[in-house]
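Source file upload_7.cif; content: mmCIF, C-alpha atoms.
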data_coords
loop_
_atom_site.label_atom_id
_atom_site.label_comp_id
_atom_site.auth_asym_id
_atom_site.auth_seq_id
_atom_site.Cartn_x
_atom_site.Cartn_y
_atom_site.Cartn_z
CA MET Y 19 -45.75 21.15 -32.59
CA GLU Y 20 -49.24 20.60 -31.25
CA ASP Y 21 -51.83 19.49 -33.81
CA LEU Y 22 -54.39 22.19 -34.42
CA LYS Y 23 -58.00 21.10 -34.09
CA ILE Y 24 -60.88 22.91 -35.66
CA VAL Y 25 -63.89 23.33 -33.39
CA TYR Y 26 -67.17 24.95 -34.32
CA ARG Y 27 -68.79 27.67 -32.26
CA ARG Y 28 -72.13 29.40 -32.64
CA LEU Y 29 -71.64 33.09 -33.28
CA ASP Y 30 -73.42 34.06 -30.06
CA GLU Y 31 -70.94 31.92 -28.11
CA LEU Y 32 -67.96 33.95 -29.30
CA LYS Y 33 -66.94 36.85 -27.10
CA GLU Y 34 -65.20 39.84 -28.62
CA TYR Y 35 -62.15 40.92 -26.62
CA GLU Y 36 -63.32 44.01 -24.75
CA ASN Y 37 -60.12 45.94 -25.31
CA ASN Y 38 -59.47 44.99 -28.91
CA PRO Y 39 -57.33 47.88 -30.13
CA ARG Y 40 -58.01 47.36 -33.85
CA ASN Y 41 -60.57 49.37 -35.78
CA ASN Y 42 -62.06 46.76 -38.08
CA GLU Y 43 -65.17 48.49 -39.41
CA ASP Y 44 -63.73 49.31 -42.83
CA ALA Y 45 -62.59 45.74 -43.40
CA VAL Y 46 -65.83 43.93 -42.50
CA GLU Y 47 -67.51 44.32 -45.89
CA ARG Y 48 -64.43 43.08 -47.73
CA VAL Y 49 -63.93 40.11 -45.45
CA ALA Y 50 -67.62 39.26 -45.81
CA GLU Y 51 -67.21 39.34 -49.59
CA SER Y 52 -64.21 37.06 -49.34
CA ILE Y 53 -66.19 34.58 -47.22
CA ARG Y 54 -69.14 34.85 -49.61
CA GLN Y 55 -66.93 34.06 -52.60
CA PHE Y 56 -64.52 31.54 -51.16
CA GLY Y 57 -66.12 30.22 -47.96
CA PHE Y 58 -64.98 30.54 -44.35
CA LYS Y 59 -61.42 29.23 -44.83
CA VAL Y 60 -59.52 30.88 -41.99
CA PRO Y 61 -60.71 29.82 -38.53
CA ILE Y 62 -61.06 32.31 -35.67
CA LEU Y 63 -58.56 31.92 -32.84
CA ILE Y 64 -60.17 31.80 -29.41
CA ASP Y 65 -59.01 31.18 -25.86
CA GLU Y 66 -60.50 28.61 -23.50
CA ASN Y 67 -63.29 31.03 -22.55
CA ASP Y 68 -64.29 31.56 -26.18
CA VAL Y 69 -62.83 35.08 -26.16
CA ILE Y 70 -61.47 35.98 -29.59
CA ILE Y 71 -57.69 36.24 -29.86
CA ALA Y 72 -57.53 36.83 -33.61
CA GLY Y 73 -60.47 37.09 -35.99
CA HIS Y 74 -62.72 39.89 -34.78
CA THR Y 75 -63.33 41.04 -38.36
CA ARG Y 76 -64.17 37.51 -39.49
CA LYS Y 77 -66.70 37.26 -36.66
CA LEU Y 78 -68.33 40.57 -37.66
CA ALA Y 79 -68.35 39.48 -41.30
CA ALA Y 80 -69.96 36.16 -40.34
CA LYS Y 81 -72.62 38.09 -38.45
CA GLU Y 82 -73.29 40.20 -41.52
CA LEU Y 83 -73.61 37.04 -43.58
CA GLU Y 84 -75.95 35.61 -40.92
CA LEU Y 85 -73.83 32.50 -40.44
CA GLU Y 86 -74.90 30.45 -37.45
CA GLU Y 87 -71.56 28.90 -36.59
CA VAL Y 88 -67.96 29.38 -37.60
CA PRO Y 89 -64.77 27.30 -37.49
CA CYS Y 90 -62.43 28.18 -34.61
CA ILE Y 91 -59.12 27.04 -33.17
CA CYS Y 92 -58.99 27.00 -29.41
CA VAL Y 93 -55.60 28.09 -28.11
CA SER Y 94 -54.80 26.50 -24.77
CA ASP Y 95 -51.01 26.52 -24.64
CA LEU Y 96 -50.47 30.26 -24.13
CA SER Y 97 -50.48 32.23 -20.89
CA GLU Y 98 -52.79 35.22 -20.50
CA GLU Y 99 -49.90 37.57 -21.19
CA GLN Y 100 -48.81 35.58 -24.24
CA VAL Y 101 -52.36 35.76 -25.58
CA LYS Y 102 -52.35 39.54 -25.14
CA ALA Y 103 -48.99 39.81 -26.88
CA PHE Y 104 -49.98 37.47 -29.71
CA ARG Y 105 -53.22 39.38 -30.27
CA LEU Y 106 -51.18 42.52 -30.97
CA ALA Y 107 -48.26 40.91 -32.77
CA ASP Y 108 -50.50 38.96 -35.15
CA ASN Y 109 -52.07 42.19 -36.32
CA LYS Y 110 -48.88 44.22 -36.39
CA VAL Y 111 -46.69 41.93 -38.45
CA ALA Y 112 -48.88 42.16 -41.53
CA GLU Y 113 -48.25 45.90 -41.71
CA PHE Y 114 -44.65 45.34 -42.70
CA SER Y 115 -45.48 43.54 -45.94
CA SER Y 116 -46.07 45.37 -49.16
CA TRP Y 117 -47.18 44.48 -52.68
CA ASP Y 118 -44.95 43.87 -55.63
CA PRO Y 119 -47.03 45.80 -58.18
CA ASP Y 120 -45.78 43.90 -61.23
CA LYS Y 121 -46.47 40.46 -59.79
CA LEU Y 122 -49.78 41.66 -58.41
CA ALA Y 123 -50.82 42.96 -61.83
CA ASP Y 124 -49.86 39.60 -63.40
CA GLU Y 125 -51.94 37.69 -60.86
CA LEU Y 126 -54.95 39.97 -61.20
CA ALA Y 127 -54.80 39.69 -64.97
CA GLU Y 128 -55.27 35.94 -64.69
CA ILE Y 129 -58.43 36.23 -62.60
CA LEU Y 130 -61.13 36.71 -65.18
CA ASN Y 131 -64.35 35.36 -63.69
CA ILE Y 132 -64.23 36.62 -60.13
CA ASP Y 133 -65.07 40.18 -59.20
CA MET Y 134 -62.02 41.49 -57.35
CA THR Y 135 -63.03 45.14 -57.31
CA VAL Y 136 -64.46 44.96 -53.81
CA PHE Y 137 -60.99 44.21 -52.47
CA ASP Y 138 -59.73 47.58 -53.67
CA PHE Y 139 -56.52 46.54 -55.36
CA PRO Y 140 -54.70 49.49 -56.90
CA ASP Y 141 -55.19 49.63 -60.62
CA MET Y 142 -52.32 51.26 -62.43
CA GLU Y 143 -54.42 51.75 -65.53
CA LEU Y 144 -57.12 53.56 -63.59
CA ASP Y 145 -54.77 55.27 -61.18
CA GLU Y 146 -53.51 57.72 -63.74
CA LEU Y 147 -52.29 61.02 -62.39
CA SER Y 148 -55.00 63.65 -62.40
CA VAL Y 149 -52.55 66.45 -61.64
CA SER Y 150 -51.00 68.89 -64.08
CA ASP Y 151 -48.39 71.60 -63.74
CA GLU Y 152 -51.13 74.23 -63.93
CA ASP Y 153 -52.67 72.90 -60.71
CA PHE Y 154 -49.65 74.08 -58.76
CA LEU Y 155 -49.19 77.67 -57.81
CA GLN Y 156 -46.71 79.39 -60.02
CA ASP Y 157 -43.38 80.21 -58.44
CA THR Y 158 -44.04 83.91 -58.67
CA GLU Y 159 -46.97 83.38 -56.34
CA ILE Y 160 -45.08 81.40 -53.78
CA VAL Y 161 -41.76 83.18 -53.56
CA LYS Y 162 -41.98 85.64 -50.73
CA ASP Y 163 -40.95 89.19 -51.41
CA ARG Y 164 -37.59 89.40 -49.73
CA THR Y 165 -36.81 93.02 -50.56
CA PRO Y 166 -36.38 94.79 -47.24
CA LYS Y 167 -39.31 96.95 -46.29
CA LYS Y 168 -38.77 100.65 -45.80
CA ILE Y 169 -40.15 102.40 -42.81
CA THR Y 170 -41.06 106.08 -42.70
CA CYS Y 171 -40.14 107.94 -39.54
CA PRO Y 172 -43.31 109.54 -38.11
CA HIS Y 173 -41.30 112.52 -36.84
CA CYS Y 174 -38.99 113.57 -39.64
CA GLY Y 175 -40.69 111.73 -42.52
CA LYS Y 176 -37.46 110.13 -43.69
CA GLU Y 177 -37.51 106.62 -45.09
CA PHE Y 178 -35.07 104.04 -43.84
CA THR Y 179 -34.48 100.27 -43.90
CA PRO Y 180 -34.48 98.73 -40.44
CA MET W 11 -43.74 54.55 -42.46
CA ARG W 12 -40.17 55.35 -41.59
CA ILE W 13 -39.68 58.57 -39.67
CA PHE W 14 -36.08 59.73 -40.02
CA LEU W 15 -34.74 62.07 -37.36
CA ALA W 16 -32.74 64.78 -39.10
CA SER W 17 -29.99 66.94 -37.63
CA THR W 18 -29.22 64.60 -34.74
CA GLY W 19 -25.85 66.30 -34.43
CA GLN W 20 -27.41 69.61 -33.50
CA GLY W 21 -28.81 71.09 -30.31
CA MET W 22 -27.00 68.78 -27.91
CA SER W 23 -23.49 68.59 -26.53
CA ARG W 24 -21.49 65.54 -27.54
CA GLU W 25 -22.12 63.90 -24.16
CA THR W 26 -25.85 64.61 -24.14
CA ARG W 27 -26.14 63.37 -27.70
CA GLU W 28 -24.37 60.13 -26.88
CA GLU W 29 -26.52 59.64 -23.81
CA ALA W 30 -29.67 60.34 -25.81
CA PHE W 31 -28.70 57.87 -28.51
CA GLN W 32 -27.93 55.28 -25.88
CA LYS W 33 -31.14 55.90 -23.98
CA TYR W 34 -33.65 56.30 -26.81
CA GLN W 35 -32.00 54.38 -29.63
CA PRO W 36 -33.52 56.13 -32.64
CA ARG W 37 -34.36 53.75 -35.45
CA TYR W 38 -33.86 55.95 -38.50
CA VAL W 39 -31.58 58.91 -38.92
CA LEU W 40 -30.98 61.33 -41.79
CA GLU W 41 -27.77 63.31 -41.80
CA THR W 42 -26.72 65.95 -44.23
CA PHE W 43 -23.27 65.92 -45.76
CA PHE W 44 -22.98 69.63 -45.09
CA ASN W 45 -22.59 68.80 -41.38
CA GLY W 46 -19.38 66.97 -42.18
CA GLU W 47 -18.16 63.45 -42.76
CA LYS W 48 -17.74 62.80 -39.04
CA ALA W 49 -21.36 63.63 -38.25
CA CYS W 50 -22.56 61.49 -41.16
CA LEU W 51 -20.40 58.56 -40.19
CA LYS W 52 -21.50 58.76 -36.57
CA ALA W 53 -25.14 58.86 -37.54
CA MET W 54 -24.73 55.94 -39.92
CA GLN W 55 -22.92 53.88 -37.34
CA ALA W 56 -25.58 54.62 -34.75
CA VAL W 57 -28.47 53.19 -36.74
CA GLY W 58 -26.77 51.03 -39.37
CA ASN W 59 -26.58 51.48 -43.11
CA ASP W 60 -30.09 50.14 -43.75
CA ASN W 61 -31.65 52.77 -41.52
CA PHE W 62 -29.55 55.71 -42.58
CA LEU W 63 -30.37 58.32 -45.18
CA LEU W 64 -27.72 60.68 -46.51
CA ASP W 65 -28.70 64.07 -47.83
CA SER W 66 -26.27 66.17 -49.84
CA GLY W 67 -26.90 69.37 -47.87
CA ALA W 68 -26.07 71.29 -51.04
CA PHE W 69 -28.60 73.99 -50.24
CA SER W 70 -27.07 74.59 -46.84
CA TYR W 71 -23.67 74.66 -48.51
CA MET W 72 -24.81 77.42 -50.81
CA ASN W 73 -26.80 79.30 -48.21
CA GLY W 74 -25.79 82.92 -48.07
CA GLN W 75 -22.75 82.58 -50.27
CA LYS W 76 -22.03 82.56 -53.93
CA VAL W 77 -20.84 79.12 -54.90
CA THR W 78 -19.08 78.69 -58.20
CA LEU W 79 -19.58 75.65 -60.39
CA GLU W 80 -16.03 74.54 -59.58
CA GLN W 81 -16.71 74.73 -55.86
CA MET W 82 -19.92 72.79 -56.31
CA GLU W 83 -18.13 70.15 -58.42
CA SER W 84 -15.63 69.73 -55.63
CA TYR W 85 -18.46 69.38 -53.06
CA VAL W 86 -20.12 66.78 -55.27
CA ASP W 87 -16.85 64.83 -55.55
CA ARG W 88 -16.45 64.79 -51.78
CA TYR W 89 -20.06 63.66 -51.41
CA ILE W 90 -19.50 60.85 -53.90
CA ASP W 91 -16.24 59.81 -52.21
CA PHE W 92 -18.05 59.49 -48.89
CA ILE W 93 -20.86 57.43 -50.41
CA VAL W 94 -18.39 55.10 -52.09
CA LYS W 95 -16.01 54.84 -49.14
CA TYR W 96 -18.72 53.92 -46.65
CA LYS W 97 -20.96 52.09 -49.13
CA VAL W 98 -23.92 54.27 -48.21
CA LYS W 99 -27.10 52.55 -49.36
CA TYR W 100 -29.57 55.41 -49.45
CA PHE W 101 -28.34 58.78 -50.63
CA ILE W 102 -30.21 61.73 -52.01
CA GLU W 103 -29.21 63.50 -55.18
CA ILE W 104 -27.81 67.02 -55.29
CA ASP W 105 -31.00 68.79 -56.26
CA VAL W 106 -29.85 72.30 -56.94
CA ASP W 107 -31.71 72.62 -60.24
CA ASN W 108 -32.66 76.23 -59.63
CA ILE W 109 -29.00 77.30 -59.41
CA PHE W 110 -27.12 75.02 -61.78
CA GLY W 111 -29.95 73.68 -63.95
CA LEU W 112 -31.53 70.25 -64.20
CA ALA W 113 -29.08 69.07 -66.87
CA LYS W 114 -26.17 69.59 -64.49
CA VAL W 115 -28.06 67.89 -61.65
CA GLU W 116 -28.73 64.91 -63.91
CA GLU W 117 -25.06 64.80 -64.88
CA TRP W 118 -24.05 64.69 -61.21
CA ARG W 119 -26.72 62.06 -60.59
CA ARG W 120 -25.27 59.80 -63.28
CA LYS W 121 -21.75 60.38 -61.99
CA MET W 122 -22.84 59.52 -58.47
CA GLU W 123 -24.67 56.38 -59.50
CA ARG W 124 -21.81 55.15 -61.66
CA ALA W 125 -19.37 55.57 -58.78
CA ALA W 126 -21.67 54.05 -56.15
CA GLY W 127 -22.98 51.27 -58.36
CA ARG W 128 -26.52 51.90 -57.18
CA GLN W 129 -29.37 54.34 -57.73
CA CYS W 130 -29.60 57.53 -55.76
CA ILE W 131 -32.88 58.99 -54.53
CA PRO W 132 -33.87 61.72 -56.98
CA VAL W 133 -35.79 64.68 -55.60
CA TRP W 134 -38.85 66.11 -57.26
CA HIS W 135 -39.67 69.80 -56.89
CA LYS W 136 -42.62 71.62 -58.38
CA GLY W 137 -40.26 73.20 -60.85
CA ARG W 138 -39.52 69.81 -62.42
CA GLY W 139 -43.12 69.39 -63.49
CA VAL W 140 -45.58 66.52 -63.28
CA GLU W 141 -44.22 64.67 -66.33
CA TYR W 142 -40.84 64.52 -64.66
CA TRP W 143 -42.49 62.94 -61.61
CA LYS W 144 -43.89 60.21 -63.84
CA LYS W 145 -40.45 59.72 -65.38
CA MET W 146 -38.86 59.40 -61.93
CA CYS W 147 -41.49 56.82 -60.96
CA ARG W 148 -40.73 54.81 -64.10
CA GLU W 149 -36.98 54.82 -63.57
CA TYR W 150 -36.54 54.69 -59.79
CA LYS W 151 -37.73 52.52 -56.92
CA TYR W 152 -37.20 55.19 -54.27
CA VAL W 153 -37.81 58.87 -54.93
CA ALA W 154 -38.25 61.99 -52.81
CA ILE W 155 -40.37 65.10 -52.83
CA GLY W 156 -38.62 68.28 -51.77
CA GLY W 157 -39.69 71.82 -51.06
CA LEU W 158 -42.35 70.69 -48.61
CA VAL W 159 -41.09 73.04 -45.96
CA PHE W 160 -40.93 76.32 -47.88
CA HIS W 161 -42.34 75.97 -51.35
CA VAL W 162 -45.42 73.78 -51.19
CA LYS W 163 -48.43 75.73 -50.05
CA LYS W 164 -51.34 74.46 -48.00
CA GLN W 165 -53.66 74.26 -50.99
CA GLU W 166 -51.13 72.12 -52.84
CA TYR W 167 -50.99 69.31 -50.31
CA GLU W 168 -53.90 67.50 -51.96
CA LEU W 169 -51.82 67.45 -55.17
CA ILE W 170 -48.87 66.04 -53.26
CA LYS W 171 -51.14 63.26 -51.94
CA LYS W 172 -52.03 62.37 -55.53
CA LEU W 173 -48.39 62.32 -56.61
CA VAL W 174 -47.47 60.06 -53.72
CA HIS W 175 -50.42 57.76 -54.44
CA TYR W 176 -49.41 57.53 -58.10
CA ALA W 177 -45.98 56.32 -57.01
CA ALA W 178 -47.28 54.02 -54.28
CA VAL W 179 -49.57 52.00 -56.56
CA ARG W 180 -46.57 51.45 -58.81
CA GLY W 181 -44.52 50.14 -55.92
CA VAL W 182 -42.28 53.19 -55.83
CA LYS W 183 -41.23 54.34 -52.36
CA VAL W 184 -41.58 58.06 -51.70
CA HIS W 185 -39.66 60.05 -49.13
CA GLY W 186 -41.18 63.37 -47.97
CA LEU W 187 -38.24 65.67 -47.29
CA GLY W 188 -38.83 67.70 -44.16
CA PHE W 189 -42.42 66.60 -43.78
CA THR W 190 -43.31 67.47 -40.19
CA LYS W 191 -47.10 67.38 -40.13
CA THR W 192 -47.40 64.45 -37.77
CA LYS W 193 -51.17 64.77 -37.37
CA SER W 194 -51.90 64.27 -41.05
CA LEU W 195 -49.01 62.00 -41.94
CA ASN W 196 -51.25 58.95 -42.16
CA GLU W 197 -53.21 60.55 -44.98
CA TYR W 198 -50.17 60.25 -47.22
CA GLU W 199 -48.69 57.08 -48.63
CA PHE W 200 -45.13 58.12 -47.95
CA TYR W 201 -42.69 55.29 -47.39
CA SER W 202 -40.55 57.61 -45.31
CA VAL W 203 -40.24 61.21 -44.16
CA ASP W 204 -37.71 63.15 -42.14
CA SER W 205 -37.97 65.98 -39.71
CA ALA W 206 -35.58 68.19 -37.80
CA SER W 207 -38.38 69.98 -35.97
CA TRP W 208 -37.75 67.96 -32.80
CA THR W 209 -34.37 69.68 -32.39
CA VAL W 210 -34.94 72.98 -34.21
CA ALA W 211 -38.16 73.72 -32.30
CA ALA W 212 -36.42 73.00 -29.01
CA ALA W 213 -33.21 74.86 -29.68
CA ARG W 214 -34.74 77.91 -31.31
CA GLY W 215 -38.25 78.07 -29.90
CA GLN W 216 -37.93 76.24 -26.57
CA GLN W 217 -40.75 73.97 -27.64
CA MET W 218 -41.36 70.71 -25.90
CA HIS W 219 -42.63 67.86 -28.05
CA THR W 220 -44.75 65.05 -26.66
CA PHE W 221 -45.93 61.93 -28.42
CA ASN W 222 -49.67 61.71 -27.82
CA LYS W 223 -51.40 58.56 -29.03
CA ASP W 224 -50.68 59.00 -32.72
CA HIS W 225 -48.99 62.35 -33.25
CA ILE W 226 -46.55 64.84 -31.78
CA GLU W 227 -47.89 67.69 -29.69
CA THR W 228 -45.99 70.91 -29.22
CA ARG W 229 -45.92 73.05 -26.09
CA GLN W 230 -44.13 76.32 -25.73
CA LEU W 231 -42.21 76.34 -22.47
CA ASP W 232 -42.84 79.28 -20.23
CA LYS W 233 -39.55 81.12 -20.18
CA LYS W 234 -40.45 83.49 -17.34
CA GLY W 235 -38.09 83.14 -14.45
CA ARG W 236 -36.77 79.81 -15.61
CA LYS W 237 -33.73 78.88 -17.55
CA VAL W 238 -34.44 76.07 -19.96
CA ASN W 239 -31.75 73.46 -20.36
CA LEU W 240 -31.88 73.29 -24.13
CA GLY W 241 -29.70 70.20 -24.46
CA LYS W 242 -32.01 68.36 -22.11
CA LEU W 243 -35.05 69.60 -23.99
CA VAL W 244 -33.65 68.46 -27.35
CA SER W 245 -32.83 65.10 -25.79
CA HIS W 246 -36.37 64.82 -24.41
CA ASN W 247 -37.82 65.66 -27.82
CA MET W 248 -35.68 62.97 -29.39
CA GLY W 249 -37.17 60.45 -26.97
CA GLU W 250 -40.70 61.48 -27.91
CA TRP W 251 -39.93 61.29 -31.62
CA VAL W 252 -38.47 57.83 -31.18
CA LYS W 253 -41.84 56.82 -29.70
CA PHE W 254 -43.44 58.30 -32.80
CA GLN W 255 -40.97 56.39 -34.99
CA LYS W 256 -42.01 53.15 -33.33
CA TYR W 257 -45.68 53.99 -33.65
CA MET W 258 -45.38 54.81 -37.34
CA ASP W 259 -43.11 51.90 -38.19
CA GLY W 260 -45.01 49.64 -40.45
CA ALA W 261 -48.04 51.92 -40.59
CA ARG W 262 -49.41 52.25 -44.10
CA LYS W 263 -52.36 54.24 -45.29
#
Take the structure in the file and give it back as structure tokens.
Amino acid sequence: MEDLKIVYRRLDELKEYENNPRNNEDAVERVAESIRQFGFKVPILIDENDVIIAGHTRKLAAKELELEEVPCICVSDLSEEQVKAFRLADNKVAEFSSWDPDKLADELAEILNIDMTVFDFPDMELDELSVSDEDFLQDTEIVKDRTPKKITCPHCGKEFTP
Amino acid sequence: MRIFLASTGQGMSRETREEAFQKYQPRYVLETFFNGEKACLKAMQAVGNDNFLLDSGAFSYMNGQKVTLEQMESYVDRYIDFIVKYKVKYFIEIDVDNIFGLAKVEEWRRKMERAAGRQCIPVWHKGRGVEYWKKMCREYKYVAIGGLVFHVKKQEYELIKKLVHYAAVRGVKVHGLGFTKTKSLNEYEFYSVDSASWTVAAARGQQMHTFNKDHIETRQLDKKGRKVNLGKLVSHNMGEWVKFQKYMDGARK
């Protein structure tokens, strides 16, 4: 495996990939908070032309924090197509993971001096159910009247069920 | 989110169905026991046990006929035998509370779980009440919400969102039974849903479904002067829903 080398790039040197299919806006503030609290610990992946492969949100967060330069890893061993594929795959794979709520609660309980609220972790204590049976329509309101309708003949006036 | 295609045995001839499965390779399939052991086994074999959901089909069984408790017990026994014989991983309880009462449903649930050696997927209906939802979320890792097709009204969907969220933050997976609103699906934290609309809409309404970016679009085919090949249409719709399955796979709110 090739050794990864960290290089530093000024923010204005980094080029966002023009067709980046991820909508990152909602994540920028949280990533910025993470960088503010813990430092810039995950480098941005770039190709040989300084186009971002992975790390668009980190770049936007760095801009918000007015950082001048950021750590990057320059990827030179992938073809153009592999870079395209990796850019998508790297984002997609994370979607398949989920939280173990019990372990998560244990971990959060041990973090006492760092404000974690900005990261929007679900809080089982706070996420109580604000729904009651009365909020639902009663069955009498939702069951459709299934008794067959009677029609009156306009000529003879007799009622009949079609 | 897992999108299960329901009723894959309907709307197509055997040949067309086999071709469609071969061509589109659906990822997740739900089959109802009412359609018979053969159909269930075929569906399970097509996608594998991990990607197969078995529904009791008890409502369909009772549809339009008076079913005695003895007949229902016999249906339940056959359902359990199938689950045990083929080691079905994900099976839905027999949620006929409104006919036989919740106590009986719970009795069948226990019987089923004892025989299978694993938990079933209990189904919550409005009639069970909110406290029962909380109880299900405490006791089960995978639960379902039923009645979404006929009994939950538009104004109640916000409540459903809250119920699903309550489960999701507790790590409980929620299946939305018959949830076909593809445009708003991402607003819910369902782990999985199923829909038969891809085949029902084609077979009964000659509707063509098309996957468009992030949802399914429906178009009514012009019947004038043209004979629609329904089997072909159902097969086409399956292909579009498989695209939707792939798109939604892994997507979380």
Point (-59.1, 34.3, -33.6), cut-off 7 Å, counting only C-alpha atoms, residues as a ChimeraX atom specification: /Y:61-64,70-74
Keeping only C-alpha atoms, write the selected residues as a CSV table (one decimal), keeping the file's coordinate frame.
chain,number,residue,atom,x,y,z
Y,61,PRO,CA,-60.7,29.8,-38.5
Y,62,ILE,CA,-61.1,32.3,-35.7
Y,63,LEU,CA,-58.6,31.9,-32.8
Y,64,ILE,CA,-60.2,31.8,-29.4
Y,70,ILE,CA,-61.5,36.0,-29.6
Y,71,ILE,CA,-57.7,36.2,-29.9
Y,72,ALA,CA,-57.5,36.8,-33.6
Y,73,GLY,CA,-60.5,37.1,-36.0
Y,74,HIS,CA,-62.7,39.9,-34.8
With a cut-off of 8 Å, could you pull out the residues of chain Y touching chain W and give me the nearest pair of atoms for each, distance in Å to one decimal, using all atoms listed in the file, ordered by chain and ascending number, as JSON lines?
{"residue": "Y:Lys110", "atom": "CA", "partner": "W:Gly260", "partner_atom": "CA", "distance": 7.8}
{"residue": "Y:Glu113", "atom": "CA", "partner": "W:Gly260", "partner_atom": "CA", "distance": 5.1}
{"residue": "Y:Phe114", "atom": "CA", "partner": "W:Gly260", "partner_atom": "CA", "distance": 4.9}
{"residue": "Y:Trp117", "atom": "CA", "partner": "W:Gly181", "partner_atom": "CA", "distance": 7.0}
{"residue": "Y:Asp118", "atom": "CA", "partner": "W:Gly181", "partner_atom": "CA", "distance": 6.3}
{"residue": "Y:Pro119", "atom": "CA", "partner": "W:Gly181", "partner_atom": "CA", "distance": 5.5}
{"residue": "Y:Asp120", "atom": "CA", "partner": "W:Arg180", "partner_atom": "CA", "distance": 8.0}
{"residue": "Y:Pro140", "atom": "CA", "partner": "W:Val179", "partner_atom": "CA", "distance": 5.7}
{"residue": "Y:Asp141", "atom": "CA", "partner": "W:Val179", "partner_atom": "CA", "distance": 7.3}
{"residue": "Y:Met142", "atom": "CA", "partner": "W:Val179", "partner_atom": "CA", "distance": 6.5}
{"residue": "Y:Asp145", "atom": "CA", "partner": "W:Tyr176", "partner_atom": "CA", "distance": 6.6}
{"residue": "Y:Glu146", "atom": "CA", "partner": "W:Tyr176", "partner_atom": "CA", "distance": 7.0}
{"residue": "Y:Leu147", "atom": "CA", "partner": "W:Tyr176", "partner_atom": "CA", "distance": 6.2}
{"residue": "Y:Ser148", "atom": "CA", "partner": "W:Lys172", "partner_atom": "CA", "distance": 7.6}
{"residue": "Y:Val149", "atom": "CA", "partner": "W:Leu169", "partner_atom": "CA", "distance": 6.6}
{"residue": "Y:Ser150", "atom": "CA", "partner": "W:Val140", "partner_atom": "CA", "distance": 6.0}
{"residue": "Y:Asp151", "atom": "CA", "partner": "W:Gly139", "partner_atom": "CA", "distance": 5.7}
{"residue": "Y:Asp153", "atom": "CA", "partner": "W:Leu169", "partner_atom": "CA", "distance": 7.8}
{"residue": "Y:Phe154", "atom": "CA", "partner": "W:Glu166", "partner_atom": "CA", "distance": 6.4}
{"residue": "Y:Leu155", "atom": "CA", "partner": "W:Glu166", "partner_atom": "CA", "distance": 7.7}
{"residue": "Y:Ile160", "atom": "CA", "partner": "W:His161", "partner_atom": "CA", "distance": 6.5}
{"residue": "Y:Val161", "atom": "CA", "partner": "W:His161", "partner_atom": "CA", "distance": 7.6}
Neighbour residues at most 7 Å from (-59.5, 26.2, -30.7) (all atoms listed in the file) as a PyMOL selection string: chain Y and resi 23-25+63-65+90-93
Residues within 9 Å of Thr75 (chain Y), all atoms listed in the file, excluding chain neighbours under 4 positions, as JSON, numbers by chain: {"Y": [42, 43, 45, 46, 49, 50, 79, 80]}
Reference answer for the PyMOL selection byres ((chain W and resi 208-216) around 7), as a PyMOL selection string: chain W and resi 21+206-207+217-219+230-231+240+243-244+247-248
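From CA of Leu63 (chain W) back to CA of Leu106 (chain Y), the distance works out to 29.7 Å.
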d(CA of Glu117 (chain W), CA of Tyr201 (chain W)) in Å: 26.6 Å
Matched chain/residue IDs from the PyMOL selection byres ((chain Y and resi 29-35) around 7), as an NGL selection string: :Y and (27-28 or 36-38 or 68-70 or 74 or 86-88)
Shell around Tyr100 (chain W) at 7 Å using all atoms listed in the file, local window under 3 positions removed, as a ChimeraX atom specification: /W:62-64,130
Please write the residues from the selection above to a file, keeping C-alpha atoms, as a PDB file, in the coordinates of the input.
ATOM      1  CA  PHE W  62     -29.550  55.710 -42.580  1.00  0.00           C
ATOM      2  CA  LEU W  63     -30.370  58.320 -45.180  1.00  0.00           C
ATOM      3  CA  LEU W  64     -27.720  60.680 -46.510  1.00  0.00           C
ATOM      4  CA  CYS W 130     -29.600  57.530 -55.760  1.00  0.00           C
TER       5      CYS W 130
END
Coordinates-based distance that separates CA of Gln35 (chain W) from CA of Met54 (chain W) (Å, one decimal): 12.7 Å
Residue IDs satisfying the PyMOL selection byres ((chain W and resi 13) around 10), as an NGL selection string: :W and (11-12 or 14-16 or 36-40 or 185-186 or 189-190 or 192 or 200-205 or 251-252 or 254-259)
